[in-house]
Amino acid sequence: MTRVRTRRAAAALAGAAVVPAALLVTLVVAPRDGGGAREPALPPPGAGVDYQIGGAYDPPPGVEVVVRDRGDDPAPGAYNVCYVNAFQAQPGAEDRWDPDLLLRDAAGEVVYDEDWGEAVLDLRTAGKRERIAAKVGRWIDGCAERGYQAVEPDNLDTYTRFPRLLTAGHARAYAALLAGRAHDRGLAVAQKNTAELAPDRARTGLDFAVAEECGEYDECAAYAAAFDDRVLVVEYTPGGLAAACGQWADRLSIVRRDRAVSPEGAADYVRETC
């Protein structure tokens, strides 16, 4: 099952009803200059949001934007964001990647994100970035074919956990490739976390942000400034929700979820808004 990706959450853990017509999102798209691709529609600022990457369920009343795993269908009548694990291999999926596309340490051993048991992808050369982006790009194509309006490529911040091997420059260059692929399919692209890269949106081509715990860690302002308030805030604690709502309730899309982002009806399901 897909799990919450915030590294702060990992550290802490180590210790189809249709949306009412009034809430339907109008998606206006136009041809891009010089081509047949559509201009991507962006999520409306401050819209009601639900984060469902742990399992799809009927969106609650008032929800206009829904984030779901790429294996699930989009929610009818909503602006839908497709979650893709783009910077790391899913647990146990190493053999689905060419061996040379997995990041290796000085001893030649595959580097893992131990919090999630995921092999890290090797973004250190342009050639490898292009090959990885081609594979992930097929997943992005699938999101477009399913009817999503946007994609959320997760683990942009992988480089921060392996600074001796990966750099922000590697992450930016690869993110730009994914953004180009998504835009060619008419999809908007989210920056996932990594507030320090928010000012680089012109270089990466990212369109809006999905920010986990920006209320908890006082980072919402960075995303709001960079993405013109098109920020989907996901908090996991009462304090984080209170902080986000106290300053940003009238500007950003904010929801609190349980750390497993469980579907409605599960024992640990939590969903609150401002």
# chains A, B, ... in the order shown; residues from 1 in each chain; ligands from 1
>>> residues_around(residues="Ala126 in chain A", least_positions_apart="2", cutoff="12 Å", atoms="only C-alpha atoms", output="list in words")
Leu101, Asp122, Leu123, Arg124, Lys128, Arg129, Glu130, Arg131, Ile132, Ala133, Gly169, His170, Ala171, Arg172, Ala173, Tyr174, Ala176 and Leu177 of chain A
>>> write_last_selection(atoms="all heavy atoms", output="short mmCIF file (atom, residue, chain, number, x, y, z; two decimals), in the first residue's frame")
data_model
loop_
_atom_site.label_atom_id
_atom_site.label_comp_id
_atom_site.auth_asym_id
_atom_site.auth_seq_id
_atom_site.Cartn_x
_atom_site.Cartn_y
_atom_site.Cartn_z
N LEU A 101 20.25 1.77 -13.49
CA LEU A 101 19.43 2.93 -13.14
C LEU A 101 19.14 3.00 -11.64
O LEU A 101 18.48 3.94 -11.19
CB LEU A 101 18.12 2.91 -13.93
CG LEU A 101 18.26 3.05 -15.45
CD1 LEU A 101 16.89 3.08 -16.11
CD2 LEU A 101 19.06 4.30 -15.82
N ASP A 122 19.01 6.45 -9.91
CA ASP A 122 20.28 7.15 -10.16
C ASP A 122 20.07 8.27 -11.17
O ASP A 122 19.94 8.03 -12.38
CB ASP A 122 21.32 6.16 -10.68
CG ASP A 122 22.70 6.77 -10.76
OD1 ASP A 122 22.84 8.00 -10.58
OD2 ASP A 122 23.67 6.01 -11.01
N LEU A 123 20.05 9.49 -10.69
CA LEU A 123 19.79 10.67 -11.53
C LEU A 123 21.06 11.43 -11.88
O LEU A 123 20.99 12.56 -12.36
CB LEU A 123 18.84 11.62 -10.79
CG LEU A 123 17.54 11.04 -10.26
CD1 LEU A 123 16.76 12.12 -9.51
CD2 LEU A 123 16.70 10.46 -11.39
N ARG A 124 22.22 10.82 -11.74
CA ARG A 124 23.46 11.59 -11.79
C ARG A 124 23.94 11.95 -13.19
O ARG A 124 24.81 12.82 -13.32
CB ARG A 124 24.55 10.83 -11.03
CG ARG A 124 24.31 10.78 -9.53
CD ARG A 124 25.35 9.96 -8.80
NE ARG A 124 25.29 8.55 -9.18
CZ ARG A 124 26.07 7.61 -8.66
NH1 ARG A 124 26.98 7.95 -7.75
NH2 ARG A 124 25.94 6.35 -9.03
N LYS A 128 20.95 8.83 -17.90
CA LYS A 128 20.14 8.04 -16.98
C LYS A 128 18.84 8.77 -16.64
O LYS A 128 17.77 8.15 -16.54
CB LYS A 128 20.93 7.74 -15.71
CG LYS A 128 22.05 6.72 -15.93
CD LYS A 128 22.74 6.36 -14.62
CE LYS A 128 23.81 5.31 -14.86
NZ LYS A 128 24.46 4.87 -13.61
N ARG A 129 18.91 10.07 -16.46
CA ARG A 129 17.68 10.83 -16.18
C ARG A 129 16.68 10.66 -17.32
O ARG A 129 15.48 10.49 -17.08
CB ARG A 129 18.00 12.30 -15.96
CG ARG A 129 18.73 12.59 -14.66
CD ARG A 129 18.75 14.07 -14.34
NE ARG A 129 19.55 14.86 -15.26
CZ ARG A 129 20.84 15.11 -15.11
NH1 ARG A 129 21.50 14.63 -14.08
NH2 ARG A 129 21.49 15.87 -15.98
N GLU A 130 17.17 10.69 -18.54
CA GLU A 130 16.27 10.55 -19.68
C GLU A 130 15.64 9.16 -19.73
O GLU A 130 14.44 9.02 -20.03
CB GLU A 130 17.04 10.85 -20.97
CG GLU A 130 17.39 12.32 -21.12
CD GLU A 130 18.34 12.57 -22.28
OE1 GLU A 130 18.72 11.59 -22.97
OE2 GLU A 130 18.71 13.74 -22.49
N ARG A 131 16.41 8.14 -19.42
CA ARG A 131 15.86 6.77 -19.44
C ARG A 131 14.85 6.56 -18.31
O ARG A 131 13.80 5.94 -18.51
CB ARG A 131 16.99 5.77 -19.33
CG ARG A 131 17.85 5.68 -20.59
CD ARG A 131 19.14 4.94 -20.32
NE ARG A 131 18.87 3.57 -19.84
CZ ARG A 131 19.79 2.85 -19.17
NH1 ARG A 131 20.98 3.37 -18.88
NH2 ARG A 131 19.48 1.63 -18.78
N ILE A 132 15.16 7.10 -17.13
CA ILE A 132 14.21 6.98 -16.02
C ILE A 132 12.94 7.76 -16.32
O ILE A 132 11.82 7.28 -16.09
CB ILE A 132 14.87 7.48 -14.71
CG1 ILE A 132 16.03 6.55 -14.32
CG2 ILE A 132 13.84 7.54 -13.58
CD1 ILE A 132 16.90 7.11 -13.21
N ALA A 133 13.11 8.96 -16.87
CA ALA A 133 11.94 9.78 -17.20
C ALA A 133 11.08 9.13 -18.27
O ALA A 133 9.85 9.29 -18.28
CB ALA A 133 12.40 11.16 -17.66
N GLY A 169 20.61 19.89 -8.17
CA GLY A 169 20.67 20.03 -9.63
C GLY A 169 20.17 18.79 -10.35
O GLY A 169 19.46 18.88 -11.36
N HIS A 170 20.54 17.61 -9.84
CA HIS A 170 20.03 16.37 -10.42
C HIS A 170 18.50 16.33 -10.33
O HIS A 170 17.81 15.98 -11.30
CB HIS A 170 20.59 15.16 -9.68
CG HIS A 170 22.08 15.02 -9.76
ND1 HIS A 170 22.83 14.49 -8.73
CD2 HIS A 170 22.95 15.32 -10.75
CE1 HIS A 170 24.10 14.47 -9.09
NE2 HIS A 170 24.20 14.98 -10.30
N ALA A 171 17.98 16.68 -9.16
CA ALA A 171 16.53 16.64 -8.95
C ALA A 171 15.81 17.63 -9.85
O ALA A 171 14.77 17.30 -10.45
CB ALA A 171 16.21 16.91 -7.48
N ARG A 172 16.33 18.84 -9.96
CA ARG A 172 15.70 19.85 -10.81
C ARG A 172 15.67 19.41 -12.27
O ARG A 172 14.65 19.55 -12.97
CB ARG A 172 16.42 21.18 -10.68
CG ARG A 172 16.08 21.97 -9.43
CD ARG A 172 16.59 23.41 -9.54
NE ARG A 172 18.03 23.43 -9.65
CZ ARG A 172 18.86 23.65 -8.62
NH1 ARG A 172 18.37 23.85 -7.41
NH2 ARG A 172 20.16 23.68 -8.80
N ALA A 173 16.80 18.90 -12.76
CA ALA A 173 16.88 18.50 -14.16
C ALA A 173 15.90 17.37 -14.48
O ALA A 173 15.23 17.37 -15.53
CB ALA A 173 18.31 18.09 -14.51
N TYR A 174 15.81 16.41 -13.58
CA TYR A 174 14.88 15.29 -13.78
C TYR A 174 13.43 15.76 -13.67
O TYR A 174 12.57 15.36 -14.47
CB TYR A 174 15.20 14.20 -12.76
CG TYR A 174 14.25 13.04 -12.73
CD1 TYR A 174 14.01 12.27 -13.86
CD2 TYR A 174 13.58 12.70 -11.55
CE1 TYR A 174 13.14 11.19 -13.82
CE2 TYR A 174 12.73 11.63 -11.50
CZ TYR A 174 12.51 10.87 -12.64
OH TYR A 174 11.64 9.80 -12.59
N ALA A 176 12.27 18.59 -14.42
CA ALA A 176 11.93 19.31 -15.65
C ALA A 176 11.55 18.35 -16.77
O ALA A 176 10.65 18.63 -17.58
CB ALA A 176 13.10 20.19 -16.08
N LEU A 177 12.22 17.19 -16.84
CA LEU A 177 11.86 16.19 -17.84
C LEU A 177 10.44 15.66 -17.60
O LEU A 177 9.66 15.50 -18.54
CB LEU A 177 12.85 15.03 -17.81
CG LEU A 177 14.29 15.32 -18.26
CD1 LEU A 177 15.15 14.08 -18.05
CD2 LEU A 177 14.33 15.78 -19.71
#
>>> select_by_dssp(residues="range 40-240 of chain A", states="alpha helix (DSSP H)", output="JSON, numbers by chain")
{"A": [126, 127, 128, 129, 130, 131, 132, 133, 134, 135, 136, 137, 138, 139, 140, 141, 142, 143, 144, 145, 146, 158, 159, 160, 161, 168, 169, 170, 171, 172, 173, 174, 175, 176, 177, 178, 179, 180, 181, 182, 183, 184, 201, 202, 203, 204, 220, 221, 222, 223, 224, 225, 226, 238, 239, 240]}
>>> closest_residue(among="A:Asp58, A:Glu264, A:Asp218, A:Asp207", to="Val231 in chain A", atoms="only C-alpha atoms")
A:Asp207
>>> residues_around(residues="range 248-260 of chain A", least_positions_apart="5", cutoff="6 Å", atoms="only C-alpha atoms", output="MDAnalysis selection string")
chainID A and resid 3:4 46:49 229 231:236 269:273
>>> write_last_selection(atoms="N, CA, C and O atoms", output="PDB file, in the first residue's frame")
ATOM      1  N   ARG A   3       2.117   4.796   1.091  1.00  0.00           N
ATOM      2  CA  ARG A   3       2.123   5.406   2.416  1.00  0.00           C
ATOM      3  C   ARG A   3       2.528   6.857   2.333  1.00  0.00           C
ATOM      4  O   ARG A   3       3.014   7.329   1.323  1.00  0.00           O
ATOM      5  N   VAL A   4       2.328   7.566   3.422  1.00  0.00           N
ATOM      6  CA  VAL A   4       2.722   8.961   3.498  1.00  0.00           C
ATOM      7  C   VAL A   4       4.210   9.078   3.226  1.00  0.00           C
ATOM      8  O   VAL A   4       5.011   8.309   3.739  1.00  0.00           O
ATOM      9  N   GLY A  46      -7.344  27.477  -2.902  1.00  0.00           N
ATOM     10  CA  GLY A  46      -8.242  27.433  -1.757  1.00  0.00           C
ATOM     11  C   GLY A  46      -9.382  26.439  -1.862  1.00  0.00           C
ATOM     12  O   GLY A  46     -10.245  26.399  -0.978  1.00  0.00           O
ATOM     13  N   ALA A  47      -9.401  25.618  -2.907  1.00  0.00           N
ATOM     14  CA  ALA A  47     -10.495  24.654  -3.071  1.00  0.00           C
ATOM     15  C   ALA A  47     -10.427  23.565  -2.010  1.00  0.00           C
ATOM     16  O   ALA A  47      -9.354  23.224  -1.506  1.00  0.00           O
ATOM     17  N   GLY A  48     -11.564  22.981  -1.680  1.00  0.00           N
ATOM     18  CA  GLY A  48     -11.587  21.850  -0.760  1.00  0.00           C
ATOM     19  C   GLY A  48     -10.817  20.685  -1.352  1.00  0.00           C
ATOM     20  O   GLY A  48     -10.955  20.368  -2.537  1.00  0.00           O
ATOM     21  N   VAL A  49      -9.998  20.026  -0.518  1.00  0.00           N
ATOM     22  CA  VAL A  49      -9.109  18.979  -1.016  1.00  0.00           C
ATOM     23  C   VAL A  49      -9.220  17.718  -0.168  1.00  0.00           C
ATOM     24  O   VAL A  49      -9.524  17.787   1.028  1.00  0.00           O
ATOM     25  N   ASP A 229      -0.491  30.674  -4.384  1.00  0.00           N
ATOM     26  CA  ASP A 229      -1.510  30.102  -3.501  1.00  0.00           C
ATOM     27  C   ASP A 229      -2.102  28.787  -4.016  1.00  0.00           C
ATOM     28  O   ASP A 229      -3.016  28.239  -3.389  1.00  0.00           O
ATOM     29  N   VAL A 231      -1.644  25.638  -3.564  1.00  0.00           N
ATOM     30  CA  VAL A 231      -0.931  24.740  -2.658  1.00  0.00           C
ATOM     31  C   VAL A 231      -1.943  23.812  -1.994  1.00  0.00           C
ATOM     32  O   VAL A 231      -2.931  24.280  -1.411  1.00  0.00           O
ATOM     33  N   LEU A 232      -1.705  22.500  -2.095  1.00  0.00           N
ATOM     34  CA  LEU A 232      -2.522  21.514  -1.401  1.00  0.00           C
ATOM     35  C   LEU A 232      -1.760  21.118  -0.144  1.00  0.00           C
ATOM     36  O   LEU A 232      -0.716  20.468  -0.217  1.00  0.00           O
ATOM     37  N   VAL A 233      -2.255  21.532   1.003  1.00  0.00           N
ATOM     38  CA  VAL A 233      -1.594  21.310   2.283  1.00  0.00           C
ATOM     39  C   VAL A 233      -2.167  20.064   2.937  1.00  0.00           C
ATOM     40  O   VAL A 233      -3.385  19.942   3.109  1.00  0.00           O
ATOM     41  N   VAL A 234      -1.274  19.142   3.312  1.00  0.00           N
ATOM     42  CA  VAL A 234      -1.685  17.917   3.996  1.00  0.00           C
ATOM     43  C   VAL A 234      -0.996  17.881   5.355  1.00  0.00           C
ATOM     44  O   VAL A 234       0.234  17.812   5.438  1.00  0.00           O
ATOM     45  N   GLU A 235      -1.780  17.973   6.419  1.00  0.00           N
ATOM     46  CA  GLU A 235      -1.244  17.909   7.780  1.00  0.00           C
ATOM     47  C   GLU A 235      -1.600  16.559   8.400  1.00  0.00           C
ATOM     48  O   GLU A 235      -2.579  15.909   8.001  1.00  0.00           O
ATOM     49  N   TYR A 236      -0.825  16.161   9.418  1.00  0.00           N
ATOM     50  CA  TYR A 236      -1.045  14.866  10.060  1.00  0.00           C
ATOM     51  C   TYR A 236      -1.245  14.973  11.572  1.00  0.00           C
ATOM     52  O   TYR A 236      -1.432  13.948  12.230  1.00  0.00           O
ATOM     53  N   TYR A 269      -8.766   5.831  10.096  1.00  0.00           N
ATOM     54  CA  TYR A 269      -9.109   6.939   9.201  1.00  0.00           C
ATOM     55  C   TYR A 269      -9.323   8.232   9.969  1.00  0.00           C
ATOM     56  O   TYR A 269     -10.041   8.279  10.970  1.00  0.00           O
ATOM     57  N   VAL A 270      -8.664   9.292   9.521  1.00  0.00           N
ATOM     58  CA  VAL A 270      -8.850  10.638  10.047  1.00  0.00           C
ATOM     59  C   VAL A 270      -8.921  11.595   8.870  1.00  0.00           C
ATOM     60  O   VAL A 270      -8.099  11.529   7.946  1.00  0.00           O
ATOM     61  N   ARG A 271      -9.897  12.471   8.898  1.00  0.00           N
ATOM     62  CA  ARG A 271      -9.956  13.555   7.931  1.00  0.00           C
ATOM     63  C   ARG A 271     -10.625  14.755   8.584  1.00  0.00           C
ATOM     64  O   ARG A 271     -11.742  14.663   9.069  1.00  0.00           O
ATOM     65  N   GLU A 272      -9.901  15.876   8.602  1.00  0.00           N
ATOM     66  CA  GLU A 272     -10.422  17.128   9.156  1.00  0.00           C
ATOM     67  C   GLU A 272     -10.004  18.257   8.240  1.00  0.00           C
ATOM     68  O   GLU A 272      -9.000  18.180   7.532  1.00  0.00           O
ATOM     69  N   THR A 273     -10.780  19.329   8.283  1.00  0.00           N
ATOM     70  CA  THR A 273     -10.423  20.536   7.538  1.00  0.00           C
ATOM     71  C   THR A 273     -10.603  21.752   8.435  1.00  0.00           C
ATOM     72  O   THR A 273     -11.013  21.623   9.598  1.00  0.00           O
TER      73      THR A 273
END
>>> select_by_dssp(residues="range 165-202 of chain A", states="strand (DSSP E or B)", output="list of chain:residue names")
A:Ala188, A:Val189, A:Ala190, A:Gln191, A:Lys192
>>> atom_distance(atom1="CA of Trp116 in chain A", atom2="CA of Val65 in chain A")
26.8 Å
>>> closest_residue(among="A:Asp73, A:Glu109, A:Asp95, A:Asp268", to="Ala144 in chain A", atoms="only C-alpha atoms")
A:Asp73
